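Worksheet: the structure to be examined is printed underneath.
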Amino acid sequence: LTLALSALALSISATTAFASCESGEIVAKLSHVTGGTTHPKVVAANNFAQRVNDEMNGVMCVEVFPNSTLFGDSKELEALLLGDVQILAPSLSKFGSYSPKYGVFDLPFIFKDMDAAIRFTKSDAGKGLLNEMHDVGFVGLGYWMSGMKYFSANKPLIAPSDAKGMKFRVQTSDVAKAMIEAMGASPQPMAFAEVYGALQTGVVDGQENTWSNIYTQKFFEVQDSVTETNHQLLAYLFMTSTEFLDSLTPEAREQFLTIADEVTQAANEEVKAAEAANRANILEAKGKINTLDDAQRQKWVDTMKPVWDQFEGEIGADLIKAAAGS
Ligand code: LMR
């Protein structure tokens, strides 16, 4: 009976997941790790699915699986290569095992704000990086900005030295690890889906993320406060596989790429407003935000910026210069 019930549950969830796909349509699964309704990645992924489902009706159908429900951080890139999923939008900080060059996006204080980061992604250097993993079988469709990042912890962090001896969850990025070490703290790489529990149970003391992630994952509820450090960018590579793209007819491919491009432009135009709204949502939900004056912020810059030198060899001085000058 248990077996029959779980088979039934499986078939129900499969039907729900593919409710909008008609037989004969190419099904493209889009898997990602964020959640809620106000997160910029959630909005962009849903817009993409909506547009493909409307405009390519009968040819292709996109199904979105948010919140690590299909694949989480540790499995999604392999799953894309295996053809178990067709579209992803992972953070650029999660490609360390494929290319060290994306580390440029992780360098602390390299982008003044998201506008500078967007300018970089539109430059020749930024566009060149889009297909950095072509040999692996990955195709970059566009960069989706998520936001600047802020530290949260179980005690107020005003100076970087306040973090001494503490443990911070980081994404799987060598630059992020070096940055935390520069603060005299210890980095703990961890999948996104595990962060809330790790903060709640004290496995780690803090983390760094955007307003949208801190709000939609409710990290602020299990932290003392968030400090407006603005120290790093979070952005995504909206991507597919060479195998999937090559399997499409030239017409379908062109339509798919055009929609991908238009959705990317629109997402990046709306991201600042989404971040501001989620910052306000945190305050409204009684989360605490520590702001920094110029002198306080300069201490964070002085502590973290030396990390650039450690990565100049693998990222490349020219690339760093292009990003910093954007
Ligand atoms: C994280 O792991 O903190 C982020 O990359 C999650 C996301 O996709 O925004």
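Ligands are numbered from 1 in the order shown, chains are lettered A, B, ... in the order of the structure tokens, and residues start at 1 in each chain.
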#### Entry: Contact residues around stretch 101-109 of chain A with only C-alpha atoms at 9 Å, ignoring same-chain residues under 5 positions, as a VMD selection string
chain A and resid 92 to 96 117 129 132 173 to 176 179 230 to 235 301 304 to 305 307 to 308 311 314 to 316 319 to 320 323 to 324
Next, the residues of the selection above should be written as a JSON list (two decimals), in the first residue's frame with C-alpha atoms.
```
[["chain", "number", "residue", "atom", "x", "y", "z"],
["A", 92, "LEU", "CA", 28.48, 33.10, -10.73],
["A", 93, "SER", "CA", 30.18, 32.14, -7.46],
["A", 94, "LYS", "CA", 29.38, 28.46, -8.04],
["A", 95, "PHE", "CA", 31.51, 27.73, -11.14],
["A", 96, "GLY", "CA", 34.89, 27.39, -9.43],
["A", 117, "ALA", "CA", 28.31, 45.39, -12.91],
["A", 129, "LEU", "CA", 33.01, 35.42, -20.26],
["A", 132, "GLU", "CA", 33.73, 30.69, -20.93],
["A", 173, "SER", "CA", 33.89, 30.22, -4.13],
["A", 174, "ASP", "CA", 37.59, 30.44, -3.37],
["A", 175, "VAL", "CA", 37.40, 34.23, -3.45],
["A", 176, "ALA", "CA", 34.64, 34.22, -0.83],
["A", 179, "MET", "CA", 37.59, 37.17, 1.93],
["A", 230, "ASN", "CA", 27.66, 46.36, 0.13],
["A", 231, "HIS", "CA", 30.85, 44.37, -0.22],
["A", 232, "GLN", "CA", 30.19, 42.10, -3.16],
["A", 233, "LEU", "CA", 27.90, 41.41, -6.08],
["A", 234, "LEU", "CA", 25.54, 38.47, -6.46],
["A", 235, "ALA", "CA", 24.67, 37.71, -10.08],
["A", 301, "VAL", "CA", 37.35, 47.90, 2.09],
["A", 304, "MET", "CA", 38.97, 42.76, 2.05],
["A", 305, "LYS", "CA", 40.50, 44.41, -0.97],
["A", 307, "VAL", "CA", 42.22, 39.54, -1.58],
["A", 308, "TRP", "CA", 42.38, 40.75, -5.20],
["A", 311, "PHE", "CA", 43.53, 35.83, -7.45],
["A", 314, "GLU", "CA", 44.05, 32.82, -12.12],
["A", 315, "ILE", "CA", 41.54, 35.54, -13.05],
["A", 316, "GLY", "CA", 43.92, 37.70, -15.09],
["A", 319, "LEU", "CA", 39.95, 41.13, -16.65],
["A", 320, "ILE", "CA", 40.20, 42.59, -13.16],
["A", 323, "ALA", "CA", 35.70, 45.01, -14.23],
["A", 324, "ALA", "CA", 37.10, 47.55, -11.78]]
```
#### Entry: 6 Å shell around ligand 1 using only C-alpha atoms and all ligand atoms, listed as a list of chain:residue names
A:Val33, A:Thr34, A:Pro90, A:Ser91, A:Gln171, A:Phe192, A:Asn209
With N, CA and C atoms retained, write the just-selected residues as a PDB file, in the first residue's frame.
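Saved file again32.pdb follows:
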```
ATOM      1  N   VAL A  33      17.317  27.747  -7.111  1.00  0.00           N
ATOM      2  CA  VAL A  33      17.346  27.497  -5.672  1.00  0.00           C
ATOM      3  C   VAL A  33      16.629  28.546  -4.822  1.00  0.00           C
ATOM      4  N   THR A  34      16.195  29.649  -5.449  1.00  0.00           N
ATOM      5  CA  THR A  34      15.586  30.704  -4.635  1.00  0.00           C
ATOM      6  C   THR A  34      14.069  30.521  -4.535  1.00  0.00           C
ATOM      7  N   PRO A  90      22.415  29.627 -11.922  1.00  0.00           N
ATOM      8  CA  PRO A  90      23.197  29.593 -10.687  1.00  0.00           C
ATOM      9  C   PRO A  90      23.998  30.875 -10.500  1.00  0.00           C
ATOM     10  N   SER A  91      24.341  31.134  -9.268  1.00  0.00           N
ATOM     11  CA  SER A  91      25.206  32.260  -8.949  1.00  0.00           C
ATOM     12  C   SER A  91      26.564  32.057  -9.629  1.00  0.00           C
ATOM     13  N   GLN A 171      29.242  30.609  -0.378  1.00  0.00           N
ATOM     14  CA  GLN A 171      29.005  29.800  -1.568  1.00  0.00           C
ATOM     15  C   GLN A 171      30.324  29.081  -1.882  1.00  0.00           C
ATOM     16  N   PHE A 192      22.766  26.407  -0.612  1.00  0.00           N
ATOM     17  CA  PHE A 192      21.833  27.465  -0.227  1.00  0.00           C
ATOM     18  C   PHE A 192      20.669  26.924   0.608  1.00  0.00           C
ATOM     19  N   ASN A 209      24.566  37.882   1.950  1.00  0.00           N
ATOM     20  CA  ASN A 209      23.623  37.731   0.854  1.00  0.00           C
ATOM     21  C   ASN A 209      22.935  39.046   0.481  1.00  0.00           C
TER      22      ASN A 209
END
```
#### Entry: Separation of atom CA of A:Val226 from atom CA of A:Ile289 in Å
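Pair atom CA of A:Ile289 / atom CA of A:Val226 returns 4.8 Å.
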As an mmCIF file with C-alpha atoms, in the first residue's frame, which residues of stretch 48-193 of chain A does DSSP assign to strand (DSSP E)?
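Final file, states-v4.cif:
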```cif
data_model
loop_
_atom_site.group_PDB
_atom_site.id
_atom_site.type_symbol
_atom_site.label_atom_id
_atom_site.label_comp_id
_atom_site.auth_asym_id
_atom_site.auth_seq_id
_atom_site.Cartn_x
_atom_site.Cartn_y
_atom_site.Cartn_z
ATOM 1 C CA MET A 60 8.210 24.313 -26.411
ATOM 2 C CA CYS A 61 7.133 24.471 -22.814
ATOM 3 C CA VAL A 62 9.164 25.624 -19.791
ATOM 4 C CA GLU A 63 8.456 24.269 -16.317
ATOM 5 C CA VAL A 64 9.991 26.106 -13.364
ATOM 6 C CA PHE A 65 11.175 24.265 -10.245
ATOM 7 C CA ILE A 87 17.878 25.601 -17.951
ATOM 8 C CA LEU A 88 19.549 26.956 -14.809
ATOM 9 C CA PHE A 138 27.433 24.992 -21.067
ATOM 10 C CA VAL A 139 25.894 27.939 -22.945
ATOM 11 C CA GLY A 140 25.507 31.329 -21.264
ATOM 12 C CA LEU A 141 22.222 32.986 -22.254
ATOM 13 C CA GLY A 142 22.729 36.149 -20.208
ATOM 14 C CA TYR A 143 23.710 37.580 -16.846
ATOM 15 C CA TRP A 144 20.924 38.190 -14.340
ATOM 16 C CA MET A 145 21.816 40.610 -11.562
ATOM 17 C CA SER A 146 20.588 39.709 -8.076
ATOM 18 C CA GLY A 147 21.939 42.459 -5.850
ATOM 19 C CA MET A 148 24.826 43.673 -3.754
ATOM 20 C CA TYR A 150 25.460 42.319 3.037
ATOM 21 C CA PHE A 151 26.695 40.426 6.077
ATOM 22 C CA SER A 152 24.321 39.121 8.701
ATOM 23 C CA ALA A 153 25.395 37.483 11.971
ATOM 24 C CA LYS A 167 31.971 31.002 11.224
ATOM 25 C CA PHE A 168 30.312 32.219 8.026
ATOM 26 C CA ARG A 169 28.472 30.230 5.421
ATOM 27 C CA VAL A 170 29.825 30.963 1.934
ATOM 28 C CA SER A 186 36.291 30.875 9.064
ATOM 29 C CA PRO A 187 34.374 30.155 5.854
ATOM 30 C CA GLN A 188 31.990 27.230 5.628
ATOM 31 C CA PRO A 189 30.883 26.398 2.063
#
```
### Message
Using DSSP assignments from the backbone, pull out every residue in stretch 64-290 of chain A that falls under alpha helix (DSSP H) and give it to me as an NGL selection string.
### Response
:A and (76-82 or 114-122 or 124-130 or 174-182 or 195-201 or 211-216 or 242-246 or 250-284)
C-alpha atoms of the current selection, written as a compact mmCIF listing (two decimals), in the first residue's frame:
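result.txt was written with the following content:
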```txt
# COMPACT_ATOMS: atom_id res chain seq x y z
CA GLU A 76 22.31 21.08 -10.77
CA LEU A 77 25.35 21.62 -13.01
CA GLU A 78 25.93 17.90 -13.42
CA ALA A 79 22.21 17.44 -14.06
CA LEU A 80 22.39 19.98 -16.89
CA LEU A 81 25.24 18.06 -18.52
CA LEU A 82 23.30 14.81 -18.11
CA MET A 114 24.84 46.99 -9.86
CA ASP A 115 24.93 49.56 -12.67
CA ALA A 116 28.71 49.18 -12.84
CA ALA A 117 28.31 45.39 -12.91
CA ILE A 118 25.75 45.62 -15.72
CA ARG A 119 28.12 47.85 -17.71
CA PHE A 120 30.83 45.23 -17.28
CA THR A 121 28.57 42.42 -18.51
CA LYS A 122 27.87 44.45 -21.66
CA ASP A 124 33.65 42.89 -24.64
CA ALA A 125 35.39 41.37 -21.60
CA GLY A 126 32.07 40.61 -19.89
CA LYS A 127 30.42 39.25 -23.04
CA GLY A 128 33.47 37.05 -23.66
CA LEU A 129 33.01 35.42 -20.26
CA LEU A 130 29.44 34.44 -21.07
CA ASP A 174 37.59 30.44 -3.37
CA VAL A 175 37.40 34.23 -3.45
CA ALA A 176 34.64 34.22 -0.83
CA LYS A 177 36.68 31.87 1.35
CA ALA A 178 39.74 34.13 1.14
CA MET A 179 37.59 37.17 1.93
CA ILE A 180 36.21 35.59 5.12
CA GLU A 181 39.71 34.52 6.14
CA ALA A 182 40.89 38.11 5.66
CA VAL A 195 21.63 27.96 5.22
CA TYR A 196 18.51 28.79 7.25
CA GLY A 197 18.85 25.62 9.35
CA ALA A 198 22.57 26.16 9.85
CA LEU A 199 21.96 29.72 11.11
CA GLN A 200 19.10 28.62 13.31
CA THR A 201 21.01 25.79 14.98
CA TRP A 211 18.23 41.81 0.58
CA SER A 212 16.05 39.54 -1.56
CA ASN A 213 17.65 36.34 -0.26
CA ILE A 214 17.81 37.57 3.35
CA TYR A 215 14.10 38.42 3.16
CA THR A 216 12.67 35.49 1.19
CA THR A 242 24.99 22.99 -25.89
CA GLU A 243 23.18 19.69 -26.30
CA PHE A 244 19.75 21.23 -25.64
CA LEU A 245 20.35 24.27 -27.83
CA ASP A 246 21.68 22.14 -30.69
CA PRO A 250 16.93 26.94 -36.21
CA GLU A 251 13.54 28.73 -35.87
CA ALA A 252 12.88 27.45 -32.37
CA ARG A 253 16.44 28.25 -31.32
CA GLU A 254 16.18 31.81 -32.57
CA GLN A 255 12.88 32.39 -30.80
CA PHE A 256 14.20 30.83 -27.59
CA LEU A 257 17.34 33.02 -27.67
CA THR A 258 15.37 36.18 -28.41
CA ILE A 259 13.01 35.59 -25.49
CA ALA A 260 16.00 34.79 -23.25
CA ASP A 261 17.65 38.06 -24.22
CA GLU A 262 14.53 40.18 -23.73
CA VAL A 263 13.75 38.60 -20.36
CA THR A 264 17.35 39.24 -19.26
CA GLN A 265 17.16 42.94 -20.19
CA ALA A 266 13.84 43.36 -18.38
CA ALA A 267 15.08 41.49 -15.29
CA ASN A 268 18.12 43.73 -14.98
CA GLU A 269 15.99 46.84 -15.31
CA GLU A 270 13.75 45.75 -12.45
CA VAL A 271 16.32 44.32 -10.04
CA LYS A 272 17.14 47.51 -8.13
CA ALA A 273 13.49 48.10 -7.30
CA ALA A 274 13.10 44.48 -6.15
CA GLU A 275 16.11 44.78 -3.86
CA ALA A 276 14.85 48.05 -2.37
CA ALA A 277 11.43 46.52 -1.79
CA ASN A 278 12.90 43.48 -0.03
CA ARG A 279 15.10 45.73 2.16
CA ALA A 280 11.91 47.52 3.20
CA ASN A 281 10.18 44.16 3.74
CA ILE A 282 12.92 43.13 6.19
CA LEU A 283 12.44 46.32 8.23
CA GLU A 284 8.69 45.93 8.18
```
#### Entry: Distance criterion (only C-alpha atoms): nearest to A:Lys75 out of A:Thr37, A:His32, A:Gln296, A:Ser225
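Looking at the shortest contact to A:Lys75, the residue is A:His32.
Here atom CA of A:Gln217 stands at a distance of 19.2 Å from atom CA of A:Asn290.
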#### Entry: One-decimal distance in Å that lies between atom CA of A:Val203 and atom CA of A:Phe220
16.0 Å
#### Entry: Selection near A:Ser161, 9 Å with only C-alpha atoms, sequence-local residues under 5 positions removed, as a ChimeraX atom specification
/A:183-185,303
